[in-house]
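*Asks:* Data: structure.txt, compact mmCIF, C-alpha atoms.
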# COMPACT_ATOMS: atom_id res chain seq x y z
CA MET A 16 9.54 164.80 1.93
CA THR A 17 9.86 161.11 1.16
CA ARG A 18 10.05 160.67 -2.59
CA THR A 19 10.99 157.99 -5.05
CA ARG A 20 13.37 159.16 -7.73
CA GLY A 21 13.02 157.56 -11.11
CA VAL A 22 11.18 154.49 -9.84
CA LEU A 23 7.82 152.91 -10.52
CA CYS A 24 5.17 151.60 -8.17
CA PRO A 25 3.79 148.05 -8.65
CA VAL A 26 0.52 149.29 -10.17
CA GLU A 27 2.54 151.12 -12.78
CA ARG A 28 4.50 147.98 -13.53
CA ARG A 29 1.40 145.89 -14.06
CA GLY A 30 0.02 148.46 -16.47
CA LEU A 31 3.22 148.81 -18.45
CA ILE A 32 2.57 146.36 -21.27
CA LYS A 33 -0.94 147.69 -21.66
CA GLY A 34 0.51 151.19 -21.61
CA ALA A 35 3.01 150.40 -24.36
CA ALA A 36 0.20 149.22 -26.61
CA ALA A 37 -1.66 152.45 -25.98
CA ILE A 38 1.41 154.47 -26.90
CA ALA A 39 1.73 152.56 -30.15
CA ALA A 40 -1.88 153.45 -30.95
CA ALA A 41 -1.43 157.10 -30.08
CA PRO A 42 -0.37 158.33 -33.54
CA LEU A 43 -3.76 157.40 -35.02
CA LEU A 44 -5.74 158.96 -32.22
CA GLY A 45 -3.45 161.96 -31.95
CA ALA A 46 -4.29 163.12 -35.47
CA CYS A 47 -7.52 164.56 -34.06
CA SER A 48 -5.85 166.00 -30.96
CA GLN A 49 -4.76 169.43 -29.90
CA GLY A 50 -1.72 169.00 -32.13
CA ALA A 51 -3.87 170.20 -35.04
CA SER A 52 -4.02 173.72 -33.52
CA ASP A 53 -1.17 176.20 -33.49
CA GLY A 54 -1.91 176.86 -29.81
CA VAL A 55 -2.12 180.69 -29.69
CA ASP A 56 -4.92 182.09 -27.49
CA ALA A 57 -7.20 184.90 -28.65
CA ASP A 58 -5.13 187.46 -26.71
CA GLY A 59 -1.94 186.32 -28.43
CA LYS A 60 -0.65 184.52 -25.34
CA VAL A 61 0.43 180.88 -25.51
CA THR A 62 -0.68 178.62 -22.66
CA VAL A 63 1.53 175.66 -21.81
CA GLU A 64 0.11 172.79 -19.75
CA LEU A 65 2.62 171.28 -17.33
CA TRP A 66 2.11 167.94 -15.57
CA HIS A 67 4.84 167.95 -12.94
CA GLY A 68 3.60 165.28 -10.51
CA GLN A 69 5.47 166.83 -7.57
CA VAL A 70 4.25 166.92 -3.97
CA ASP A 71 5.08 168.76 -0.76
CA ILE A 72 8.32 170.77 -0.89
CA ALA A 73 9.05 169.88 -4.52
CA LYS A 74 5.58 171.06 -5.54
CA ASP A 75 6.12 174.39 -3.81
CA ALA A 76 9.49 174.71 -5.54
CA ILE A 77 8.12 174.14 -9.03
CA GLN A 78 5.18 176.46 -8.40
CA ALA A 79 7.55 179.25 -7.35
CA LEU A 80 9.65 178.83 -10.48
CA VAL A 81 6.59 178.73 -12.74
CA THR A 82 5.31 181.94 -11.15
CA GLU A 83 8.62 183.65 -11.88
CA PHE A 84 8.69 182.38 -15.45
CA ASN A 85 5.17 183.63 -16.11
CA ARG A 86 6.09 187.04 -14.66
CA THR A 87 9.21 187.37 -16.81
CA HIS A 88 7.72 185.88 -20.01
CA PRO A 89 4.46 187.82 -20.59
CA ARG A 90 3.68 186.10 -23.92
CA ILE A 91 3.70 182.63 -22.32
CA ARG A 92 1.59 181.28 -19.49
CA VAL A 93 2.61 177.96 -17.93
CA ASP A 94 -0.33 176.23 -16.26
CA ALA A 95 1.27 174.10 -13.56
CA GLY A 96 -1.81 172.10 -12.65
CA GLY A 97 0.38 169.08 -12.06
CA GLY A 98 -1.63 166.49 -14.00
CA GLY A 99 -3.63 165.22 -11.05
CA VAL A 100 -1.19 162.41 -10.25
CA ILE A 101 2.12 162.05 -8.45
CA SER A 102 5.23 161.40 -10.51
CA ASP A 103 5.16 157.65 -9.76
CA ALA A 104 1.92 157.39 -11.75
CA MET A 105 2.86 159.75 -14.57
CA LEU A 106 3.62 156.98 -17.08
CA GLN A 107 0.07 155.67 -16.84
CA LYS A 108 -1.39 159.17 -16.99
CA VAL A 109 0.59 160.22 -20.06
CA THR A 110 0.04 156.90 -21.81
CA ALA A 111 -3.73 157.24 -21.41
CA ALA A 112 -3.60 160.89 -22.51
CA LEU A 113 -1.69 160.03 -25.70
CA ALA A 114 -4.18 157.30 -26.49
CA ALA A 115 -7.08 159.70 -25.94
CA GLY A 116 -5.48 162.42 -28.04
CA SER A 117 -5.52 165.00 -25.23
CA TYR A 118 -2.11 165.35 -23.63
CA PRO A 119 -0.03 168.05 -21.91
CA ASP A 120 2.72 170.15 -23.42
CA ILE A 121 5.24 169.05 -20.80
CA ALA A 122 5.26 166.06 -18.45
CA TYR A 123 7.68 164.98 -15.74
CA VAL A 124 8.74 161.52 -17.00
CA PHE A 125 11.15 159.17 -15.26
CA GLY A 126 14.28 158.46 -17.26
CA SER A 127 13.57 154.73 -17.14
CA ASP A 128 10.20 155.39 -18.86
CA LEU A 129 11.46 157.65 -21.63
CA ALA A 130 12.08 154.92 -24.21
CA SER A 131 8.46 153.79 -23.94
CA ILE A 132 7.03 157.31 -24.12
CA ALA A 133 9.35 158.38 -26.96
CA ARG A 134 7.80 155.78 -29.25
CA SER A 135 4.96 158.24 -29.78
CA PRO A 136 5.53 160.73 -32.62
CA ARG A 137 3.87 163.33 -30.40
CA VAL A 138 7.10 163.55 -28.39
CA VAL A 139 9.10 166.55 -29.62
CA ASP A 140 12.69 165.95 -30.77
CA LEU A 141 14.81 168.27 -28.59
CA THR A 142 18.21 167.50 -30.11
CA ASP A 143 18.79 170.96 -31.57
CA ALA A 144 17.17 172.76 -28.64
CA MET A 145 19.36 170.99 -26.08
CA ARG A 146 22.68 170.76 -27.88
CA GLY A 147 22.57 174.05 -29.75
CA GLY A 148 20.30 176.21 -27.63
CA PRO A 149 20.95 178.35 -24.56
CA THR A 150 21.14 175.39 -22.19
CA PRO A 151 24.61 174.47 -20.82
CA TRP A 152 24.57 171.03 -22.48
CA ASN A 153 28.33 170.50 -22.35
CA SER A 154 28.43 171.21 -18.62
CA PHE A 155 25.83 168.54 -17.79
CA TRP A 156 27.11 165.40 -16.09
CA ALA A 157 27.37 162.33 -18.33
CA PRO A 158 24.42 160.55 -16.64
CA VAL A 159 22.21 163.56 -17.44
CA ARG A 160 23.03 163.49 -21.14
CA GLU A 161 22.71 159.71 -21.37
CA ALA A 162 19.31 159.64 -19.66
CA VAL A 163 17.61 161.85 -22.26
CA GLY A 164 19.00 160.15 -25.36
CA VAL A 165 17.11 157.60 -27.44
CA ASN A 166 18.65 156.22 -30.64
CA GLY A 167 21.10 159.09 -30.94
CA LYS A 168 18.51 161.84 -30.45
CA VAL A 169 17.67 163.97 -27.43
CA ARG A 170 14.05 163.11 -26.71
CA ALA A 171 13.58 165.03 -23.45
CA ALA A 172 15.11 167.75 -21.31
CA PRO A 173 16.84 166.82 -18.05
CA ALA A 174 14.73 167.74 -15.04
CA LEU A 175 16.34 166.29 -11.94
CA LEU A 176 19.44 164.35 -10.92
CA ASP A 177 20.35 162.13 -8.00
CA SER A 178 22.77 159.40 -6.98
CA LEU A 179 22.81 156.57 -4.48
CA ALA A 180 24.98 156.44 -1.36
CA VAL A 181 24.72 155.04 2.18
CA VAL A 182 23.41 157.24 4.97
CA TYR A 183 24.24 155.93 8.43
CA ASN A 184 23.20 156.70 12.00
CA ARG A 185 26.32 157.72 13.92
CA LYS A 186 24.62 157.25 17.29
CA LEU A 187 23.81 153.58 16.61
CA PHE A 188 27.37 152.95 15.46
CA ARG A 189 28.78 154.47 18.64
CA GLN A 190 26.37 152.50 20.83
CA ALA A 191 27.42 149.25 19.14
CA GLY A 192 31.11 150.13 19.27
CA VAL A 193 31.41 149.73 15.49
CA PRO A 194 33.77 152.02 13.51
CA PHE A 195 32.13 154.38 11.06
CA PRO A 196 32.25 153.16 7.44
CA GLU A 197 34.69 154.80 5.06
CA ALA A 198 34.95 155.25 1.32
CA GLY A 199 36.39 152.18 -0.38
CA TRP A 200 34.62 149.65 1.85
CA THR A 201 33.38 146.36 0.43
CA TRP A 202 30.05 144.59 0.32
CA ASP A 203 31.46 141.94 2.68
CA GLU A 204 32.26 144.74 5.13
CA PHE A 205 28.75 146.13 4.62
CA THR A 206 27.05 142.82 5.48
CA ASP A 207 29.38 142.28 8.43
CA THR A 208 28.65 145.79 9.70
CA ALA A 209 24.91 145.32 9.28
CA ARG A 210 25.10 142.11 11.31
CA LYS A 211 27.01 143.79 14.15
CA LEU A 212 24.55 146.67 14.30
CA THR A 213 21.43 144.49 14.39
CA ASP A 214 19.84 144.18 17.81
CA SER A 215 16.61 142.20 17.68
CA GLY A 216 15.94 142.82 21.35
CA ARG A 217 15.80 146.58 20.73
CA GLY A 218 14.18 146.26 17.32
CA VAL A 219 17.23 147.67 15.53
CA PHE A 220 18.13 146.57 11.99
CA GLY A 221 21.50 146.91 10.33
CA THR A 222 19.99 148.04 7.04
CA GLY A 223 16.88 147.88 4.86
CA TRP A 224 15.79 147.02 1.34
CA PRO A 225 12.48 147.69 -0.47
CA GLY A 226 10.61 144.42 -0.89
CA THR A 227 7.76 145.09 -3.31
CA GLY A 228 9.58 144.22 -6.54
CA ASP A 229 9.15 147.70 -7.97
CA GLU A 230 11.88 149.86 -9.48
CA ASP A 231 12.90 151.08 -6.03
CA THR A 232 13.69 147.44 -5.24
CA VAL A 233 15.65 146.98 -8.45
CA TRP A 234 17.77 150.03 -9.08
CA ARG A 235 19.81 149.48 -5.91
CA LEU A 236 21.14 146.22 -7.36
CA TRP A 237 22.49 147.67 -10.62
CA PRO A 238 25.64 149.23 -9.09
CA MET A 239 26.51 145.83 -7.65
CA ILE A 240 26.02 144.18 -11.05
CA TRP A 241 27.97 146.87 -12.92
CA ASP A 242 30.82 146.63 -10.43
CA LEU A 243 31.04 142.89 -11.11
CA GLY A 244 31.32 143.53 -14.86
CA GLY A 245 27.71 142.87 -15.79
CA ASP A 246 25.25 145.04 -17.67
CA VAL A 247 21.49 145.34 -17.99
CA VAL A 248 21.45 144.10 -21.59
CA ALA A 249 24.15 141.95 -23.20
CA ALA A 250 26.19 143.34 -26.08
CA ASP A 251 24.16 141.35 -28.63
CA GLY A 252 20.94 142.95 -27.39
CA LYS A 253 19.22 139.56 -27.23
CA SER A 254 19.69 138.62 -23.58
CA ILE A 255 20.39 140.08 -20.18
CA GLY A 256 23.97 140.95 -19.37
CA PHE A 257 23.97 139.92 -15.71
CA ALA A 258 23.27 136.18 -15.64
CA GLY A 259 26.33 135.44 -13.51
CA GLN A 260 26.85 138.79 -11.81
CA GLY A 261 23.23 138.90 -10.69
CA VAL A 262 23.64 135.67 -8.77
CA ARG A 263 26.57 137.06 -6.81
CA ALA A 264 24.76 140.32 -6.07
CA LEU A 265 21.69 138.41 -4.89
CA ASP A 266 23.93 136.26 -2.71
CA THR A 267 24.91 139.43 -0.84
CA LEU A 268 21.24 140.06 -0.14
CA ARG A 269 20.81 136.45 0.96
CA GLN A 270 23.62 136.96 3.50
CA LEU A 271 21.75 139.91 4.97
CA VAL A 272 18.63 137.73 5.19
CA ARG A 273 20.54 134.91 6.89
CA ASP A 274 21.92 137.37 9.43
CA LYS A 275 18.42 138.79 9.99
CA SER A 276 20.01 142.20 9.61
CA VAL A 277 17.82 143.59 6.81
CA TYR A 278 14.39 145.19 7.17
CA VAL A 279 12.36 144.24 4.11
CA ASP A 280 9.88 147.03 3.40
CA PRO A 281 6.52 145.69 2.16
CA LYS A 282 5.28 149.06 0.89
CA PRO A 283 6.14 150.89 -2.36
CA GLY A 284 8.65 153.72 -2.31
CA GLY A 285 10.51 152.56 0.80
CA GLU A 286 8.11 154.55 2.99
CA GLN A 287 8.31 152.27 6.03
CA MET A 288 12.03 151.60 5.58
CA TYR A 289 12.75 155.32 5.83
CA GLN A 290 10.47 155.69 8.83
CA VAL A 291 12.41 152.93 10.61
CA PHE A 292 15.65 154.79 9.85
CA LEU A 293 14.26 158.17 10.92
CA GLY A 294 13.01 156.56 14.14
CA GLY A 295 16.54 155.49 15.09
CA ARG A 296 15.94 151.77 14.55
CA MET A 297 18.05 151.27 11.40
CA ALA A 298 21.78 151.87 11.21
CA MET A 299 22.31 152.21 7.45
CA VAL A 300 20.15 152.91 4.43
CA ALA A 301 21.05 153.29 0.78
CA THR A 302 19.27 156.38 -0.47
CA GLY A 303 19.60 159.61 -2.41
CA PRO A 304 19.88 163.31 -1.58
CA TRP A 305 16.09 163.70 -1.64
CA GLN A 306 15.97 162.00 1.76
CA LEU A 307 18.30 164.45 3.53
CA PRO A 308 15.62 167.06 4.37
CA ASP A 309 13.58 164.42 6.23
CA ILE A 310 16.70 163.17 8.01
CA LEU A 311 17.58 166.70 9.07
CA ASP A 312 14.02 167.35 10.25
CA ALA A 313 14.16 164.17 12.36
CA GLU A 314 17.44 165.40 13.91
CA VAL A 315 19.22 162.12 13.17
CA ASP A 316 22.96 162.24 13.93
CA TYR A 317 23.99 161.03 10.49
CA ASP A 318 26.71 161.02 7.89
CA VAL A 319 27.03 159.77 4.31
CA VAL A 320 29.50 157.36 2.73
CA PRO A 321 29.77 156.08 -0.86
CA LEU A 322 28.25 152.72 -1.74
CA PRO A 323 30.37 149.66 -1.01
CA SER A 324 31.84 147.72 -3.92
CA TYR A 325 33.26 144.31 -4.73
CA SER A 326 36.22 145.64 -6.70
CA GLY A 327 37.33 148.57 -4.59
CA ARG A 328 36.46 150.93 -7.44
CA PRO A 329 33.77 153.57 -6.79
CA VAL A 330 30.48 152.89 -8.54
CA THR A 331 26.94 154.11 -8.08
CA ILE A 332 23.72 154.70 -9.99
CA SER A 333 21.96 157.88 -10.96
CA GLY A 334 18.29 158.06 -11.84
CA PRO A 335 17.84 161.28 -13.83
CA ASP A 336 14.27 162.33 -14.58
CA THR A 337 13.06 164.37 -17.54
CA TRP A 338 10.81 167.10 -18.83
CA THR A 339 9.28 165.47 -21.90
CA VAL A 340 7.72 167.87 -24.42
CA PHE A 341 4.69 166.94 -26.54
CA ASP A 342 3.47 168.45 -29.80
CA ASN A 343 0.28 170.47 -29.37
CA GLY A 344 0.99 172.82 -32.24
CA SER A 345 4.08 174.80 -33.19
CA ALA A 346 3.43 177.78 -30.93
CA ARG A 347 2.83 175.67 -27.84
CA SER A 348 5.81 173.45 -28.61
CA ARG A 349 8.10 176.47 -28.96
CA ALA A 350 6.78 177.92 -25.70
CA ALA A 351 7.21 174.58 -23.90
CA VAL A 352 10.79 174.28 -25.12
CA GLU A 353 11.49 177.84 -23.97
CA PHE A 354 10.25 176.97 -20.49
CA VAL A 355 12.33 173.80 -20.09
CA GLN A 356 15.40 175.60 -21.43
CA TRP A 357 14.84 178.29 -18.79
CA MET A 358 14.43 175.68 -16.06
CA MET A 359 17.77 174.06 -16.91
CA ARG A 360 19.84 177.22 -16.74
CA PRO A 361 22.14 177.24 -13.70
CA GLU A 362 20.26 180.05 -11.91
CA GLN A 363 16.97 178.15 -11.93
CA ASP A 364 18.53 174.71 -11.63
CA ALA A 365 20.28 175.70 -8.39
CA ARG A 366 17.03 176.96 -6.84
CA TRP A 367 15.11 173.85 -7.92
CA ASP A 368 17.84 171.50 -6.64
CA ILE A 369 18.18 173.19 -3.27
CA ARG A 370 14.45 173.25 -2.57
CA ALA A 371 13.56 169.88 -4.13
CA GLY A 372 16.43 167.90 -2.58
CA SER A 373 18.31 166.94 -5.74
CA LEU A 374 21.73 167.46 -7.32
CA PRO A 375 22.93 170.03 -9.86
CA LEU A 376 22.49 168.97 -13.47
CA GLY A 377 26.05 169.98 -14.27
CA SER A 378 29.22 171.73 -13.24
CA ALA A 379 27.85 175.16 -14.17
CA THR A 380 25.21 174.83 -11.44
CA GLU A 381 27.65 173.26 -9.00
CA ARG A 382 29.87 176.35 -9.26
CA ARG A 383 27.10 178.77 -8.32
CA PRO A 384 27.59 180.41 -4.88
CA GLN A 385 24.16 179.42 -3.56
CA TRP A 386 24.77 175.74 -4.36
CA ARG A 387 28.24 175.77 -2.81
CA LYS A 388 26.83 177.35 0.35
CA HIS A 389 24.00 174.79 0.46
CA SER A 390 26.47 171.93 -0.02
CA ARG A 391 28.77 173.18 2.74
CA GLU A 392 25.87 173.50 5.16
CA THR A 393 24.29 170.09 4.42
CA THR A 394 26.16 167.14 5.92
CA GLY A 395 26.97 164.49 3.33
CA LEU A 396 25.54 166.30 0.31
CA ALA A 397 28.97 166.56 -1.31
CA VAL A 398 29.28 162.76 -1.17
CA PHE A 399 26.25 162.42 -3.44
CA THR A 400 27.60 165.04 -5.84
CA ASP A 401 31.10 163.54 -5.93
CA ALA A 402 29.55 160.13 -6.65
CA LEU A 403 28.33 161.42 -10.01
CA ASP A 404 31.86 160.90 -11.34
CA SER A 405 31.31 157.13 -11.06
CA ALA A 406 27.56 157.07 -11.69
CA ARG A 407 25.90 155.08 -14.43
CA VAL A 408 22.30 155.16 -15.61
CA ARG A 409 19.88 152.46 -16.60
CA PRO A 410 19.69 152.03 -20.37
CA VAL A 411 16.99 153.94 -22.21
CA HIS A 412 15.64 150.70 -23.69
CA ALA A 413 12.05 149.84 -24.53
CA ALA A 414 12.39 146.43 -22.85
CA TYR A 415 13.78 147.83 -19.61
CA PRO A 416 10.44 147.81 -17.73
CA GLN A 417 10.03 144.07 -18.35
CA ILE A 418 13.65 143.40 -17.35
CA SER A 419 13.14 145.41 -14.19
CA GLN A 420 9.93 143.59 -13.34
CA ALA A 421 11.63 140.20 -13.75
CA LEU A 422 14.61 141.23 -11.63
CA GLY A 423 12.34 142.77 -9.00
CA GLU A 424 10.55 139.45 -8.62
CA ALA A 425 13.91 137.69 -8.25
CA ILE A 426 15.09 140.11 -5.57
CA VAL A 427 11.90 139.73 -3.55
CA SER A 428 12.06 135.94 -3.75
CA VAL A 429 15.56 136.06 -2.24
CA LEU A 430 14.70 138.67 0.39
CA LEU A 431 11.75 136.54 1.53
CA GLY A 432 13.79 133.34 1.48
CA ARG A 433 11.67 131.67 -1.19
CA ASP A 434 14.41 130.97 -3.75
CA SER A 435 18.16 130.67 -3.95
CA PRO A 436 19.96 133.42 -5.87
CA ALA A 437 20.71 131.01 -8.74
CA LYS A 438 17.11 129.84 -9.07
CA ALA A 439 15.72 133.35 -8.79
CA LEU A 440 18.10 134.64 -11.46
CA ARG A 441 17.26 131.79 -13.85
CA ARG A 442 13.58 132.70 -13.66
CA CYS A 443 14.47 136.36 -14.16
CA ALA A 444 16.57 135.54 -17.23
CA ASP A 445 13.80 133.49 -18.82
CA LYS A 446 11.31 136.36 -18.58
CA ALA A 447 13.72 139.19 -19.42
CA ASP A 448 15.30 137.40 -22.39
CA ALA A 449 11.84 136.77 -23.82
CA ALA A 450 11.07 140.49 -23.57
CA LEU A 451 14.29 141.38 -25.37
CA LEU A 452 13.34 139.20 -28.32
CA ILE A 453 10.12 141.13 -28.98
CA PRO A 454 10.56 143.34 -32.09
CA ARG A 455 10.29 147.05 -31.23
Would you mind giving the structure from this file in structure tokens?

*Replies:*
Amino acid sequence: MTRTRGVLCPVERRGLIKGAAAIAAAPLLGACSQGASDGVDADGKVTVELWHGQVDIAKDAIQALVTEFNRTHPRIRVDAGGGGVISDAMLQKVTAALAAGSYPDIAYVFGSDLASIARSPRVVDLTDAMRGGPTPWNSFWAPVREAVGVNGKVRAAPALLDSLAVVYNRKLFRQAGVPFPEAGWTWDEFTDTARKLTDSGRGVFGTGWPGTGDEDTVWRLWPMIWDLGGDVVAADGKSIGFAGQGVRALDTLRQLVRDKSVYVDPKPGGEQMYQVFLGGRMAMVATGPWQLPDILDAEVDYDVVPLPSYSGRPVTISGPDTWTVFDNGSARSRAAVEFVQWMMRPEQDARWDIRAGSLPLGSATERRPQWRKHSRETTGLAVFTDALDSARVRPVHAAYPQISQALGEAIVSVLLGRDSPAKALRRCADKADAALLIPR
């Protein structure tokens, strides 16, 4: 069930600027779209088109929930065709659909893409529906609420939540005679541990890092930067906020490279990196709860520990994803909102989280008996949930994709030994600062 939460593949990155232009053009084309119709079928039933982009277990989970919703809401039919693409390619798919004037009622959109998508007036404002409706808004974790907000408005409904922690192979630690890591450890201890666990003769790596420059490469560095006092965008909004902190974080990666203790995955989504871990040839991997089902299936003797830090304070990142609702007429919009509100209620949220390998959207779901039982029975799951107390999210900023692309290139150049951290970060700053100066 390998999945990438809230990240973009390289193809998506390359199409991002083109995609933003298409979104800007969408209002003109959308005037002739389905939005001109109220959306009620001849039999009085409203059909809602859902592009969920899920695969494997997550696809089965969403299909089961849609079936139940359709059974219990006879005046609404949700068509969960999926959109014909996986979630990693949803930005491109939705962008093209908006430009063509034929778009779904609901799409599964990564939180890091929401600012770009929300520039279209076809995106429904959900502020009243989320804050004043039947959804448990006040019980949602802070990262959930932050991830769906753009310019003070709620522009999407929260769909899925995760956090980042370190999963480690207990068997490899015992074989190397290295103590298990504990909460409160440092990045120096992490690099030292990775070095001790690396055994080139047996093909064993201490850890791994995605090396394609995509969002999966990038989002793992943000907790390091935040912990050092940096931010994605500086307070003035005109430059990056990690010019110095990024160099130090990249220097940690360079140490792993020098020690030859890091497996650099050349494929998007960390696919090979996870296979190396599942095969017992990697001691530690930073990942999210979505990976636990695969780890359990592979019968890895594992445990989970919070991310290391520089300061000793807990810090991690969460990559919440969204259900973004589009205007295809008042009846379809109301029906779409009713569906996403239903999905976010604790009863449904718990079922979705347990089957899809994610975390509860808020404390109301966390308190449900089925979630507590699932958490007790799944080694390390509570570590991911507890980490939400210190989790931050990437800013919902229209320039974020360009910042991420620039930082991804910098990370790869360090992982491959092409540039020093300082040189790589200077190049990143030049590109990202230029993107921040573009009027939006």

*Asks:* Using only C-alpha atoms, which residue out of A:Met145, A:Ile77, A:Leu265, A:Ala130 lies closest to Leu175 of chain A?

*Replies:*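 Distance minimum relative to Leu175 of chain A lands on A:Ile77.
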
*Asks:* Which is closest to Thr142 of chain A among A:Leu176, A:Leu376, A:Ile369, A:Val340, if we use only C-alpha atoms?

*Replies:*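 Closest to Thr142 of chain A, using only C-alpha atoms: A:Val340.
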
*Asks:* What is the distance, in Å and to one decimal place, between atom CA of Trp338 of chain A and atom CA of Arg387 of chain A?

*Replies:*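 Those two atoms sit 25.2 Å apart.
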
*Asks:* Between atom CA of Leu271 of chain A and atom CA of Ala198 of chain A, what is the spacing in Å?

*Replies:*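 Going from atom CA of Ala198 of chain A over to atom CA of Leu271 of chain A, I get 20.6 Å.
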
*Asks:* Within 8 Å of Leu452 of chain A, counting all atoms listed in the file, which residues qualify if same-chain residues fewer than 4 places away don't, as a ChimeraX atom specification?

*Replies:* /A:253-254,448

*Asks:* May I ask for the distance between atom CA of Asp309 of chain A and atom CA of Met358 of chain A, given in Å to one decimal place?

*Replies:*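 Atom-to-atom, atom CA of Asp309 of chain A and atom CA of Met358 of chain A are spaced 25.0 Å apart.
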
*Asks:* Residues at most 6 Å from segment 134-141 of chain A, counting all atoms listed in the file, excluding those fewer than 4 positions away in the same chain, as a PyMOL selection string?

*Replies:* chain A and resi 38+145+169-170+340-342

*Asks:* Which residue, A:Thr82, A:Thr394, A:Thr201, A:Thr150, has the smallest gap to Ala172 of chain A when you use only C-alpha atoms?

*Replies:*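 With only C-alpha atoms as the atom set, the closest residue is A:Thr150.
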
*Asks:* Counting only C-alpha atoms, figure out which residue out of A:Val182, A:His412, A:Val193, A:Val330 gets nearest to Leu396 of chain A.

*Replies:* A:Val182

*Asks:* With all atoms listed in the file as the basis for distance, which of A:Trp152, A:Tyr325, A:Trp234, A:Trp224 is at the shortest distance from Gln287 of chain A?

*Replies:*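 Nearest candidate to Gln287 of chain A out of A:Trp152, A:Tyr325, A:Trp234, A:Trp224: A:Trp224.
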
*Asks:* Do you know which residues are at most 9 Å from Ile418 of chain A counting all atoms listed in the file, after dropping those on the same chain fewer than 2 positions away, and could you put them as a ChimeraX atom specification?

*Replies:* /A:247-248,255,414-416,420-423,443-444,446-448,450-451

*Asks:* Could you check the closest approach to Thr380 of chain A for each of A:Thr393, A:Gln363, A:Thr339, A:Ser276 and tell me which residue wins, using all atoms listed in the file?

*Replies:* A:Gln363

*Asks:* Fewer than 3 positions away in the same chain doesn't count, so skip those; otherwise give me all residues within 12 Å of Asn184 of chain A, counting all atoms listed in the file, as a VMD selection string.

*Replies:* chain A and resid 181 187 to 191 193 to 196 209 212 219 to 222 291 to 301 310 to 311 313 to 320

*Asks:* Just want the 10 Å neighbourhood of Ala122 of chain A, counted on all atoms listed in the file, with same-chain residues fewer than 4 positions away dropped. Output as a PyMOL selection string.

*Replies:* chain A and resi 64-68+97-98+102+105-106+108-109+118+171+337-341
